[in-house]
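Chemist: Contents of target-v9.cif (mmCIF, C-alpha atoms) are below:
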```cif
data_start
loop_
_atom_site.group_PDB
_atom_site.id
_atom_site.type_symbol
_atom_site.label_atom_id
_atom_site.label_comp_id
_atom_site.auth_asym_id
_atom_site.auth_seq_id
_atom_site.Cartn_x
_atom_site.Cartn_y
_atom_site.Cartn_z
ATOM 1 C CA GLN A 1 0.000 0.000 0.000
ATOM 2 C CA LEU A 2 2.818 2.404 0.786
ATOM 3 C CA TRP A 3 4.423 1.547 -2.583
ATOM 4 C CA ILE A 4 1.161 2.511 -4.330
ATOM 5 C CA THR A 5 1.054 5.735 -2.364
ATOM 6 C CA MET A 6 4.593 6.758 -3.191
ATOM 7 C CA SER A 7 4.156 5.800 -6.847
ATOM 8 C CA THR A 8 1.104 8.020 -7.019
ATOM 9 C CA ALA A 9 2.989 10.848 -5.346
ATOM 10 C CA SER A 10 5.959 10.525 -7.676
ATOM 11 C CA SER A 11 3.771 10.558 -10.771
ATOM 12 C CA LEU A 12 2.156 13.787 -9.659
ATOM 13 C CA ALA A 13 5.573 15.431 -9.251
ATOM 14 C CA ASP A 14 4.396 18.000 -6.697
ATOM 15 C CA PRO A 15 6.461 18.099 -3.475
ATOM 16 C CA SER A 16 3.665 19.574 -1.356
ATOM 17 C CA LEU A 17 1.201 17.011 -2.688
ATOM 18 C CA THR A 18 3.712 14.217 -2.084
ATOM 19 C CA ALA A 19 4.029 15.334 1.551
ATOM 20 C CA ALA A 20 0.248 15.480 1.962
ATOM 21 C CA ILE A 21 -0.208 12.038 0.414
ATOM 22 C CA PHE A 22 2.426 10.544 2.714
ATOM 23 C CA SER A 23 0.850 12.222 5.776
ATOM 24 C CA ILE A 24 -2.607 10.929 4.927
ATOM 25 C CA ALA A 25 -1.396 7.432 4.005
ATOM 26 C CA THR A 26 0.449 7.077 7.317
ATOM 27 C CA HIS A 27 -2.203 8.816 9.442
ATOM 28 C CA GLN A 28 -3.378 6.722 12.373
ATOM 29 C CA ASP A 29 -7.012 7.350 13.221
ATOM 30 C CA ALA A 30 -9.195 5.963 15.971
ATOM 31 C CA ASP A 31 -12.095 5.820 13.513
ATOM 32 C CA GLU A 32 -11.230 3.020 11.086
ATOM 33 C CA ALA A 33 -13.965 4.090 8.646
ATOM 34 C CA VAL A 34 -12.364 7.525 8.371
ATOM 35 C CA ALA A 35 -8.879 6.026 8.070
ATOM 36 C CA ALA A 36 -10.037 3.722 5.254
ATOM 37 C CA ALA A 37 -11.708 6.647 3.483
ATOM 38 C CA MET A 38 -8.479 8.642 3.701
ATOM 39 C CA ARG A 39 -6.550 5.789 2.093
ATOM 40 C CA ARG A 40 -9.141 5.525 -0.679
ATOM 41 C CA LEU A 41 -8.841 9.244 -1.323
ATOM 42 C CA VAL A 42 -5.083 8.896 -1.810
ATOM 43 C CA ARG A 43 -5.463 5.996 -4.244
ATOM 44 C CA GLN A 44 -8.518 7.075 -6.195
ATOM 45 C CA GLU A 45 -8.974 10.862 -6.091
ATOM 46 C CA PRO A 46 -5.682 12.767 -6.415
ATOM 47 C CA GLY A 47 -7.476 15.700 -8.042
ATOM 48 C CA TRP A 48 -9.820 16.047 -5.065
ATOM 49 C CA LEU A 49 -6.844 15.765 -2.723
ATOM 50 C CA ARG A 50 -5.189 18.670 -4.554
ATOM 51 C CA CYS A 51 -8.277 20.774 -3.826
ATOM 52 C CA PHE A 52 -7.846 20.093 -0.102
ATOM 53 C CA LEU A 53 -4.144 20.876 -0.290
ATOM 54 C CA TRP A 54 -4.750 24.210 -1.995
ATOM 55 C CA HIS A 55 -7.371 25.119 0.611
ATOM 56 C CA ALA A 56 -4.858 24.277 3.352
ATOM 57 C CA SER A 57 -2.341 26.665 1.706
ATOM 58 C CA GLY A 58 0.023 23.792 0.913
ATOM 59 C CA SER A 59 0.291 22.573 4.513
ATOM 60 C CA ALA A 60 0.381 18.771 4.727
ATOM 61 C CA ASP A 61 -0.820 18.843 8.346
ATOM 62 C CA GLY A 62 -3.587 21.309 7.513
ATOM 63 C CA CYS A 63 -4.601 19.140 4.580
ATOM 64 C CA VAL A 64 -4.814 16.037 6.795
ATOM 65 C CA GLN A 65 -6.997 17.887 9.310
ATOM 66 C CA LEU A 66 -9.331 19.222 6.629
ATOM 67 C CA VAL A 67 -9.612 15.844 4.892
ATOM 68 C CA ARG A 68 -10.289 14.087 8.187
ATOM 69 C CA SER A 69 -12.990 16.584 9.116
ATOM 70 C CA ASN A 70 -14.633 16.242 5.700
ATOM 71 C CA LEU A 71 -14.590 12.441 5.791
ATOM 72 C CA SER A 72 -15.893 12.399 9.364
ATOM 73 C CA TRP A 73 -18.961 14.309 8.184
ATOM 74 C CA SER A 74 -19.370 11.875 5.288
ATOM 75 C CA ALA A 75 -19.138 8.916 7.679
ATOM 76 C CA ALA A 76 -21.944 10.547 9.674
ATOM 77 C CA GLY A 77 -24.097 10.743 6.534
ATOM 78 C CA VAL A 78 -23.430 14.403 5.706
ATOM 79 C CA GLY A 79 -21.702 14.630 2.350
ATOM 80 C CA PRO A 80 -22.118 14.084 -1.390
ATOM 81 C CA CYS A 81 -24.526 11.501 -2.739
ATOM 82 C CA THR A 82 -23.452 8.878 -5.273
ATOM 83 C CA ASP A 83 -23.057 9.619 -8.987
ATOM 84 C CA ALA A 84 -26.238 7.678 -9.800
ATOM 85 C CA GLU A 85 -28.246 9.486 -7.125
ATOM 86 C CA ALA A 86 -26.954 12.842 -8.342
ATOM 87 C CA ALA A 87 -27.972 12.096 -11.939
ATOM 88 C CA HIS A 88 -31.520 11.410 -10.733
ATOM 89 C CA ARG A 89 -31.836 14.333 -8.333
ATOM 90 C CA LEU A 90 -30.161 17.078 -10.344
ATOM 91 C CA ARG A 91 -32.583 16.718 -13.244
ATOM 92 C CA PHE A 92 -34.858 19.106 -11.360
ATOM 93 C CA GLY A 93 -32.432 21.935 -12.087
ATOM 94 C CA VAL A 94 -32.099 23.146 -8.507
ATOM 95 C CA ALA A 95 -28.542 24.337 -9.168
ATOM 96 C CA ARG A 96 -27.137 25.856 -12.336
ATOM 97 C CA LEU A 97 -24.231 28.017 -13.439
ATOM 98 C CA ALA A 98 -24.677 31.669 -14.333
ATOM 99 C CA ALA A 99 -23.443 32.669 -17.774
ATOM 100 C CA ARG A 100 -20.660 34.801 -16.332
ATOM 101 C CA ARG A 101 -18.115 34.554 -13.536
ATOM 102 C CA ASP A 102 -17.581 36.833 -10.571
ATOM 103 C CA GLY A 103 -14.996 39.595 -10.471
ATOM 104 C CA ALA A 104 -12.292 37.199 -9.243
ATOM 105 C CA GLY A 105 -12.971 34.608 -11.953
ATOM 106 C CA ARG A 106 -14.994 32.158 -9.845
ATOM 107 C CA PRO A 107 -18.010 30.362 -11.322
ATOM 108 C CA VAL A 108 -21.358 31.647 -10.026
ATOM 109 C CA ILE A 109 -23.901 29.069 -8.856
ATOM 110 C CA VAL A 110 -27.589 30.008 -8.922
ATOM 111 C CA LEU A 111 -29.874 28.016 -6.611
ATOM 112 C CA GLY A 112 -33.571 28.357 -7.395
ATOM 113 C CA PHE A 113 -36.262 27.869 -4.766
ATOM 114 C CA ASP A 114 -39.008 26.936 -7.249
ATOM 115 C CA ALA A 115 -36.924 23.979 -8.446
ATOM 116 C CA LEU A 116 -36.231 23.029 -4.822
ATOM 117 C CA ARG A 117 -39.953 22.999 -4.106
ATOM 118 C CA ARG A 118 -40.579 20.742 -7.122
ATOM 119 C CA MET A 119 -37.911 18.379 -5.864
ATOM 120 C CA LEU A 120 -39.422 18.239 -2.372
ATOM 121 C CA ASP A 121 -42.938 17.812 -3.814
ATOM 122 C CA ALA A 122 -41.628 14.844 -5.832
ATOM 123 C CA GLY A 123 -40.802 13.085 -2.582
ATOM 124 C CA HIS A 124 -37.133 13.922 -2.086
ATOM 125 C CA THR A 125 -35.994 14.820 1.415
ATOM 126 C CA LEU A 126 -34.060 17.964 2.267
ATOM 127 C CA ASP A 127 -31.057 15.756 3.063
ATOM 128 C CA GLU A 128 -31.229 14.288 -0.459
ATOM 129 C CA VAL A 129 -31.363 17.780 -1.927
ATOM 130 C CA ALA A 130 -28.376 18.920 0.141
ATOM 131 C CA SER A 131 -26.260 15.857 -0.660
ATOM 132 C CA ALA A 132 -26.920 16.393 -4.381
ATOM 133 C CA HIS A 133 -25.804 20.015 -4.003
ATOM 134 C CA VAL A 134 -22.573 18.853 -2.365
ATOM 135 C CA TRP A 135 -21.958 16.330 -5.171
ATOM 136 C CA TRP A 136 -22.525 19.075 -7.748
ATOM 137 C CA LEU A 137 -20.186 21.499 -5.969
ATOM 138 C CA LYS A 138 -17.476 18.848 -5.671
ATOM 139 C CA ASP A 139 -17.815 18.017 -9.356
ATOM 140 C CA LEU A 140 -17.579 21.709 -10.257
ATOM 141 C CA LEU A 141 -14.442 22.197 -8.138
ATOM 142 C CA LEU A 142 -12.822 19.161 -9.746
ATOM 143 C CA ARG A 143 -13.603 20.486 -13.211
ATOM 144 C CA GLU A 144 -12.141 23.848 -12.175
ATOM 145 C CA GLU A 145 -9.127 22.226 -10.452
ATOM 146 C CA GLY A 146 -5.892 23.624 -11.855
ATOM 147 C CA GLY A 147 -7.472 26.969 -12.674
ATOM 148 C CA THR A 148 -7.298 30.222 -10.785
ATOM 149 C CA SER A 149 -10.789 30.566 -9.306
ATOM 150 C CA HIS A 150 -10.434 28.268 -6.237
ATOM 151 C CA GLY A 151 -14.069 28.525 -5.251
ATOM 152 C CA VAL A 152 -17.513 29.818 -6.142
ATOM 153 C CA SER A 153 -19.926 32.675 -5.653
ATOM 154 C CA LEU A 154 -23.535 31.848 -4.809
ATOM 155 C CA VAL A 155 -26.909 33.384 -5.630
ATOM 156 C CA GLN A 156 -29.845 31.913 -3.712
ATOM 157 C CA ASP A 157 -33.000 32.941 -5.582
ATOM 158 C CA LEU A 158 -35.904 32.712 -3.127
ATOM 159 C CA ALA A 159 -38.596 34.086 -5.436
ATOM 160 C CA GLY A 160 -41.824 32.251 -4.639
ATOM 161 C CA MET A 161 -40.843 31.317 -1.094
ATOM 162 C CA THR A 162 -43.731 31.859 1.330
ATOM 163 C CA ALA A 163 -43.982 32.229 5.092
ATOM 164 C CA ALA A 164 -45.303 28.656 5.197
ATOM 165 C CA ASP A 165 -42.186 27.476 3.378
ATOM 166 C CA VAL A 166 -39.999 29.255 5.914
ATOM 167 C CA SER A 167 -41.921 27.612 8.753
ATOM 168 C CA SER A 168 -41.244 24.163 7.258
ATOM 169 C CA PHE A 169 -37.531 24.940 7.038
ATOM 170 C CA VAL A 170 -37.297 25.821 10.742
ATOM 171 C CA MET A 171 -38.794 22.497 11.833
ATOM 172 C CA PRO A 172 -36.188 20.663 13.958
ATOM 173 C CA SER A 173 -35.286 17.936 11.440
ATOM 174 C CA ALA A 174 -35.054 20.363 8.510
ATOM 175 C CA LEU A 175 -33.069 22.823 10.580
ATOM 176 C CA LEU A 176 -30.607 20.127 11.689
ATOM 177 C CA THR A 177 -30.004 19.133 8.061
ATOM 178 C CA GLN A 178 -29.343 22.737 7.032
ATOM 179 C CA LEU A 179 -27.018 23.418 9.949
ATOM 180 C CA ASN A 180 -25.035 20.206 9.401
ATOM 181 C CA TYR A 181 -24.479 20.946 5.723
ATOM 182 C CA ALA A 182 -23.638 24.570 6.502
ATOM 183 C CA ARG A 183 -20.938 23.365 8.907
ATOM 184 C CA LEU A 184 -19.614 20.890 6.327
ATOM 185 C CA LEU A 185 -19.415 23.448 3.531
ATOM 186 C CA THR A 186 -17.881 26.236 5.603
ATOM 187 C CA ALA A 187 -15.500 24.308 7.876
ATOM 188 C CA ALA A 188 -14.678 21.002 6.175
ATOM 189 C CA PHE A 189 -14.883 21.554 2.437
ATOM 190 C CA PRO A 190 -12.078 22.735 0.135
ATOM 191 C CA CYS A 191 -13.931 25.702 -1.316
ATOM 192 C CA GLU A 192 -13.410 29.447 -0.954
ATOM 193 C CA TYR A 193 -16.591 31.494 -1.209
ATOM 194 C CA GLY A 194 -16.753 34.827 -2.971
ATOM 195 C CA ALA A 195 -20.033 36.749 -3.161
ATOM 196 C CA LEU A 196 -23.068 35.352 -1.343
ATOM 197 C CA VAL A 197 -26.354 36.844 -2.513
ATOM 198 C CA ILE A 198 -29.878 36.085 -1.299
ATOM 199 C CA LEU A 199 -32.449 37.328 -3.788
ATOM 200 C CA ASP A 200 -36.123 38.092 -3.049
ATOM 201 C CA ALA A 201 -36.215 36.600 0.445
ATOM 202 C CA PRO A 202 -39.653 36.946 2.083
ATOM 203 C CA ALA A 203 -39.837 38.937 5.300
ATOM 204 C CA ALA A 204 -40.365 35.696 7.230
ATOM 205 C CA PHE A 205 -36.935 34.506 6.091
ATOM 206 C CA GLY A 206 -35.469 36.511 8.963
ATOM 207 C CA MET A 207 -36.580 33.732 11.307
ATOM 208 C CA LEU A 208 -34.481 31.154 9.432
ATOM 209 C CA TRP A 209 -31.530 33.508 8.893
ATOM 210 C CA SER A 210 -31.326 34.271 12.623
ATOM 211 C CA VAL A 211 -30.651 30.575 13.262
ATOM 212 C CA VAL A 212 -28.294 29.867 10.344
ATOM 213 C CA ARG A 213 -26.209 33.040 10.549
ATOM 214 C CA PRO A 214 -24.393 32.188 13.831
ATOM 215 C CA VAL A 215 -23.200 28.891 12.299
ATOM 216 C CA LEU A 216 -21.415 30.660 9.447
ATOM 217 C CA PRO A 217 -17.904 32.057 9.920
ATOM 218 C CA ALA A 218 -18.325 35.708 10.892
ATOM 219 C CA ALA A 219 -16.404 37.040 7.880
ATOM 220 C CA LEU A 220 -18.588 34.973 5.560
ATOM 221 C CA ALA A 221 -21.878 35.984 7.188
ATOM 222 C CA GLU A 222 -20.948 39.650 6.885
ATOM 223 C CA ARG A 223 -20.551 39.271 3.114
ATOM 224 C CA VAL A 224 -24.108 38.043 2.560
ATOM 225 C CA SER A 225 -26.083 40.566 0.507
ATOM 226 C CA PHE A 226 -29.879 40.679 0.475
ATOM 227 C CA CYS A 227 -31.307 41.997 -2.767
ATOM 228 C CA ALA A 228 -34.716 42.310 -4.392
ATOM 229 C CA ARG A 229 -35.797 42.430 -8.021
ATOM 230 C CA ASP A 230 -37.077 45.724 -9.404
ATOM 231 C CA GLY A 231 -40.604 46.228 -8.195
ATOM 232 C CA ALA A 232 -40.483 43.293 -5.805
ATOM 233 C CA GLU A 233 -41.156 43.539 -2.120
ATOM 234 C CA GLU A 234 -38.027 44.213 -0.125
ATOM 235 C CA GLY A 235 -37.334 40.597 0.676
ATOM 236 C CA GLY A 236 -34.427 41.197 3.012
ATOM 237 C CA GLY A 237 -36.017 44.054 4.889
ATOM 238 C CA ALA A 238 -36.689 42.009 7.989
ATOM 239 C CA VAL A 239 -33.499 40.049 7.707
ATOM 240 C CA ALA A 240 -30.246 41.814 8.092
ATOM 241 C CA ALA A 241 -30.016 44.398 6.264
ATOM 242 C CA GLY A 242 -28.599 47.727 6.061
ATOM 243 C CA PRO A 243 -28.862 49.269 2.657
ATOM 244 C CA ASP A 244 -28.452 45.933 0.870
ATOM 245 C CA ALA A 245 -32.005 44.988 1.781
ATOM 246 C CA THR A 246 -33.545 47.586 -0.529
ATOM 247 C CA LEU A 247 -31.337 47.158 -3.583
ATOM 248 C CA ASP A 248 -32.778 46.123 -6.930
ATOM 249 C CA VAL A 249 -31.519 43.175 -8.917
ATOM 250 C CA LYS A 250 -28.623 45.102 -10.487
ATOM 251 C CA ALA A 251 -27.019 44.966 -7.056
ATOM 252 C CA VAL A 252 -26.682 41.221 -7.448
ATOM 253 C CA ALA A 253 -24.342 41.723 -10.392
ATOM 254 C CA ALA A 254 -22.499 44.454 -8.518
ATOM 255 C CA ALA A 255 -22.000 42.186 -5.491
ATOM 256 C CA ILE A 256 -20.748 39.388 -7.693
ATOM 257 C CA GLU A 257 -18.316 41.706 -9.484
ATOM 258 C CA ALA A 258 -17.009 42.862 -6.096
ATOM 259 C CA ALA A 259 -16.358 39.320 -4.854
ATOM 260 C CA PRO A 260 -13.045 39.236 -2.974
ATOM 261 C CA ARG A 261 -9.980 37.836 -4.661
ATOM 262 C CA PRO A 262 -8.747 34.417 -3.504
ATOM 263 C CA SER A 263 -6.967 34.719 -0.169
ATOM 264 C CA ALA A 264 -3.898 32.837 -1.400
ATOM 265 C CA ALA A 265 -2.480 31.678 -4.688
ATOM 266 C CA GLY A 266 -2.163 28.119 -3.396
ATOM 267 C CA PRO A 267 0.712 25.730 -4.069
ATOM 268 C CA GLY A 268 2.020 25.820 -7.585
ATOM 269 C CA ARG A 269 -0.745 28.090 -8.825
ATOM 270 C CA GLY A 270 -1.503 31.744 -9.022
ATOM 271 C CA GLY A 271 -1.321 33.918 -12.067
ATOM 272 C CA ALA A 272 -3.513 36.780 -13.119
ATOM 273 C CA VAL A 273 -7.270 36.442 -13.113
ATOM 274 C CA SER A 274 -8.921 38.189 -16.018
ATOM 275 C CA ASP A 275 -11.541 40.686 -14.903
ATOM 276 C CA ALA A 276 -15.107 39.854 -15.787
ATOM 277 C CA ALA A 277 -17.108 42.385 -17.716
ATOM 278 C CA GLY A 278 -18.869 45.089 -15.710
ATOM 279 C CA PRO A 279 -22.280 44.598 -14.112
ATOM 280 C CA GLY A 280 -24.123 46.821 -16.558
ATOM 281 C CA ALA A 281 -26.267 44.164 -18.236
ATOM 282 C CA TRP A 282 -27.799 41.945 -15.566
ATOM 283 C CA SER A 283 -29.539 39.774 -18.161
ATOM 284 C CA SER A 284 -26.163 38.482 -19.331
ATOM 285 C CA TRP A 285 -25.684 36.758 -15.974
ATOM 286 C CA TRP A 286 -28.593 34.450 -16.709
#
```
Show this structure as structure tokens.
Modeler:
Amino acid sequence: QLWITMSTASSLADPSLTAAIFSIATHQDADEAVAAAMRRLVRQEPGWLRCFLWHASGSADGCVQLVRSNLSWSAAGVGPCTDAEAAHRLRFGVARLAARRDGAGRPVIVLGFDALRRMLDAGHTLDEVASAHVWWLKDLLLREEGGTSHGVSLVQDLAGMTAADVSSFVMPSALLTQLNYARLLTAAFPCEYGALVILDAPAAFGMLWSVVRPVLPAALAERVSFCARDGAEEGGGAVAAGPDATLDVKAVAAAIEAAPRPSAAGPGRGGAVSDAAGPGAWSSWW
């Protein structure tokens, strides 16, 4: 097994990756399921391992800790679904890519509530929805791996969400699912988040936001922008707001353009990121 590990490391010809692979392959863990998953990651998913290494700024020890945390969540049932499950669940179109990238070159994911409702009405659980989202995000990061974006920006389009919908999302089981996946994606996932935009949130959304916000890293929570379409009710007015609560949809493009640059170039990467076009034509984002 060690021979396989070192052969893999040598073929990748990256000293920092070689160190991370060796650290993971020799890591002793009290949880054998996690230890076995770490060994499988080394053998089968070197591209995914590189994502963890970049997120850990090239630190082998940091990479081991992040990988272990991620796989511990997966062992507890909080993680990506299988490829076959994803193919079935993602046909509802809950997540899609915007036509343009953010100002730092990251892809922009648009999550639509209407599609989420259709998925739930078809009998899928919120956990199944969330695990499909994680699969999709992992797949996107792997396809982007080797580029300069190192993450995503997110637009959560809540048009059509009612107070009754919000009430269902604050039920204990639904809330636990959301909080678990929020912890996974913000503390144990190799993704850097740029702009975070919530569009057309109903006033009742403040109830859900007040519970989810404390779970997010403070710097991330402060970057969430609440925006409303032209002529729509001020969805974020009861939520958080400041001036962002009353902005029209053009502010979404502005927030995305202003997404912070990656915090580090990562091992063996870097290079200039071409600026995206200005936010003038919002329709081009869709």
Chemist: Give me the residues of region 101-133 of chain A that have any atom at most 12 Å from an atom of region 74-78 of chain A; for each, the nearest atom pair and the distance in Å, rounded to one decimal. Use all atoms listed in the file, sort by chain and number, and format it as JSON lines.
Modeler:
```
{"residue": "A:Leu126", "atom": "CA", "partner": "A:Val78", "partner_atom": "CA", "distance": 11.7}
{"residue": "A:Asp127", "atom": "CA", "partner": "A:Val78", "partner_atom": "CA", "distance": 8.2}
{"residue": "A:Glu128", "atom": "CA", "partner": "A:Val78", "partner_atom": "CA", "distance": 9.9}
{"residue": "A:Val129", "atom": "CA", "partner": "A:Val78", "partner_atom": "CA", "distance": 11.5}
{"residue": "A:Ala130", "atom": "CA", "partner": "A:Val78", "partner_atom": "CA", "distance": 8.7}
{"residue": "A:Ser131", "atom": "CA", "partner": "A:Val78", "partner_atom": "CA", "distance": 7.1}
{"residue": "A:Ala132", "atom": "CA", "partner": "A:Val78", "partner_atom": "CA", "distance": 10.9}
{"residue": "A:His133", "atom": "CA", "partner": "A:Val78", "partner_atom": "CA", "distance": 11.5}
```
Chemist: Report, as JSON, the axis-aligned box around all atoms of region 70-84 of chain A present in the file, extended by 4 Å on each side; give centre and edge lengths in Å to one decimal place.
Modeler:
```
{"center_x": -20.4, "center_y": 12.0, "center_z": -0.1, "size_x": 19.6, "size_y": 16.6, "size_z": 27.5}
```
Chemist: Tell me, in Å to one decimal, how far CA of Asp31 (chain A) is from CA of Phe189 (chain A).
Modeler: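 Here the two named atoms are 19.4 Å from each other.
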Chemist: Would you write out, as a ChimeraX atom specification, every residue that the PyMOL selection byres ((chain A and resi 210) around 12) captures in this file?
Modeler: /A:170,175,179,204-209,211-216,221,238-240
Chemist: Please produce a file of those selected residues containing C-alpha atoms, as a compact mmCIF listing (two decimals), keeping the file's coordinate frame.
Modeler:
```txt
# COMPACT_ATOMS: atom_id res chain seq x y z
CA VAL A 170 -37.30 25.82 10.74
CA LEU A 175 -33.07 22.82 10.58
CA LEU A 179 -27.02 23.42 9.95
CA ALA A 204 -40.36 35.70 7.23
CA PHE A 205 -36.94 34.51 6.09
CA GLY A 206 -35.47 36.51 8.96
CA MET A 207 -36.58 33.73 11.31
CA LEU A 208 -34.48 31.15 9.43
CA TRP A 209 -31.53 33.51 8.89
CA VAL A 211 -30.65 30.58 13.26
CA VAL A 212 -28.29 29.87 10.34
CA ARG A 213 -26.21 33.04 10.55
CA PRO A 214 -24.39 32.19 13.83
CA VAL A 215 -23.20 28.89 12.30
CA LEU A 216 -21.42 30.66 9.45
CA ALA A 221 -21.88 35.98 7.19
CA ALA A 238 -36.69 42.01 7.99
CA VAL A 239 -33.50 40.05 7.71
CA ALA A 240 -30.25 41.81 8.09
```
Chemist: Once the PyMOL selection byres ((chain A and resi 159-167) around 12) is applied to the coordinates I shared, what remains selected? I want it as an MDAnalysis selection string.
Modeler: chainID A and resid 111:118 120 155:158 168:172 174:175 198:209 211 227:229 232:236
Chemist: Would you save the residues from that selection as an mmCIF file, in the frame of the given file, using C-alpha atoms?
Modeler:
```
data_model
loop_
_atom_site.group_PDB
_atom_site.id
_atom_site.type_symbol
_atom_site.label_atom_id
_atom_site.label_comp_id
_atom_site.auth_asym_id
_atom_site.auth_seq_id
_atom_site.Cartn_x
_atom_site.Cartn_y
_atom_site.Cartn_z
ATOM 1 C CA LEU A 111 -29.874 28.016 -6.611
ATOM 2 C CA GLY A 112 -33.571 28.357 -7.395
ATOM 3 C CA PHE A 113 -36.262 27.869 -4.766
ATOM 4 C CA ASP A 114 -39.008 26.936 -7.249
ATOM 5 C CA ALA A 115 -36.924 23.979 -8.446
ATOM 6 C CA LEU A 116 -36.231 23.029 -4.822
ATOM 7 C CA ARG A 117 -39.953 22.999 -4.106
ATOM 8 C CA ARG A 118 -40.579 20.742 -7.122
ATOM 9 C CA LEU A 120 -39.422 18.239 -2.372
ATOM 10 C CA VAL A 155 -26.909 33.384 -5.630
ATOM 11 C CA GLN A 156 -29.845 31.913 -3.712
ATOM 12 C CA ASP A 157 -33.000 32.941 -5.582
ATOM 13 C CA LEU A 158 -35.904 32.712 -3.127
ATOM 14 C CA SER A 168 -41.244 24.163 7.258
ATOM 15 C CA PHE A 169 -37.531 24.940 7.038
ATOM 16 C CA VAL A 170 -37.297 25.821 10.742
ATOM 17 C CA MET A 171 -38.794 22.497 11.833
ATOM 18 C CA PRO A 172 -36.188 20.663 13.958
ATOM 19 C CA ALA A 174 -35.054 20.363 8.510
ATOM 20 C CA LEU A 175 -33.069 22.823 10.580
ATOM 21 C CA ILE A 198 -29.878 36.085 -1.299
ATOM 22 C CA LEU A 199 -32.449 37.328 -3.788
ATOM 23 C CA ASP A 200 -36.123 38.092 -3.049
ATOM 24 C CA ALA A 201 -36.215 36.600 0.445
ATOM 25 C CA PRO A 202 -39.653 36.946 2.083
ATOM 26 C CA ALA A 203 -39.837 38.937 5.300
ATOM 27 C CA ALA A 204 -40.365 35.696 7.230
ATOM 28 C CA PHE A 205 -36.935 34.506 6.091
ATOM 29 C CA GLY A 206 -35.469 36.511 8.963
ATOM 30 C CA MET A 207 -36.580 33.732 11.307
ATOM 31 C CA LEU A 208 -34.481 31.154 9.432
ATOM 32 C CA TRP A 209 -31.530 33.508 8.893
ATOM 33 C CA VAL A 211 -30.651 30.575 13.262
ATOM 34 C CA CYS A 227 -31.307 41.997 -2.767
ATOM 35 C CA ALA A 228 -34.716 42.310 -4.392
ATOM 36 C CA ARG A 229 -35.797 42.430 -8.021
ATOM 37 C CA ALA A 232 -40.483 43.293 -5.805
ATOM 38 C CA GLU A 233 -41.156 43.539 -2.120
ATOM 39 C CA GLU A 234 -38.027 44.213 -0.125
ATOM 40 C CA GLY A 235 -37.334 40.597 0.676
ATOM 41 C CA GLY A 236 -34.427 41.197 3.012
#
```
Chemist: Can you work out the spacing between CA of Ala86 (chain A) and CA of Trp54 (chain A) in Å, to one decimal?
Modeler: 25.7 Å
Chemist: Fewer than 4 positions away in the same chain doesn't count, so skip those; otherwise give me all residues within 9 Å of Ser59 (chain A), counting all atoms listed in the file, as a PyMOL selection string.
Modeler: chain A and resi 16+19-20+53-55+63-64
Chemist: Expressed in Å to a single decimal, how great is the separation between CA of Pro107 (chain A) and CA of Val152 (chain A)?
Modeler: 5.2 Å
Chemist: Under the rule that all atoms listed in the file are counted, which of A:Thr82, A:Ser153, A:Ser173, A:Ser57 is the nearest residue to Arg96 (chain A)?
Modeler: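 Among A:Thr82, A:Ser153, A:Ser173, A:Ser57, it is A:Ser153 that comes nearest to Arg96 (chain A).
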Chemist: Give me the result of the PyMOL selection byres ((chain A and resi 34) around 8) on this file, residue by residue, as number ranges by chain.
Modeler: A: 29, 31-33, 35-38, 68, 71-72, 75
Chemist: Using the selection just defined, write its residues with C-alpha atoms as a short mmCIF file (atom, residue, chain, number, x, y, z; two decimals), keeping the file's coordinate frame.
Modeler:
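Done, and the output landed in result_25.cif:
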```cif
data_model
loop_
_atom_site.label_atom_id
_atom_site.label_comp_id
_atom_site.auth_asym_id
_atom_site.auth_seq_id
_atom_site.Cartn_x
_atom_site.Cartn_y
_atom_site.Cartn_z
CA ASP A 29 -7.01 7.35 13.22
CA ASP A 31 -12.10 5.82 13.51
CA GLU A 32 -11.23 3.02 11.09
CA ALA A 33 -13.96 4.09 8.65
CA ALA A 35 -8.88 6.03 8.07
CA ALA A 36 -10.04 3.72 5.25
CA ALA A 37 -11.71 6.65 3.48
CA MET A 38 -8.48 8.64 3.70
CA ARG A 68 -10.29 14.09 8.19
CA LEU A 71 -14.59 12.44 5.79
CA SER A 72 -15.89 12.40 9.36
CA ALA A 75 -19.14 8.92 7.68
#
```
Chemist: Taking into account only C-alpha atoms, which residue in the set A:Ala56, A:Leu140, A:Ala195, A:Ala30 is nearest to Ala104 (chain A)?
Modeler: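 Checking each of A:Ala56, A:Leu140, A:Ala195, A:Ala30 against Ala104 (chain A), counting only C-alpha atoms, the winner is A:Ala195.
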Chemist: For Gly47 (chain A), which of A:Ile21, A:Asn180, A:Glu192, A:His124 is the closest residue, counting only C-alpha atoms?
Modeler: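 Ranking A:Ile21, A:Asn180, A:Glu192, A:His124 by distance to Gly47 (chain A), first place goes to A:Ile21.
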Chemist: Which of these residues is nearest to Thr26 (chain A), using only C-alpha atoms: A:Ala182, A:Leu142, A:Ala254, A:Val42?
Modeler: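 Checking each of A:Ala182, A:Leu142, A:Ala254, A:Val42 against Thr26 (chain A), counting only C-alpha atoms, the winner is A:Val42.
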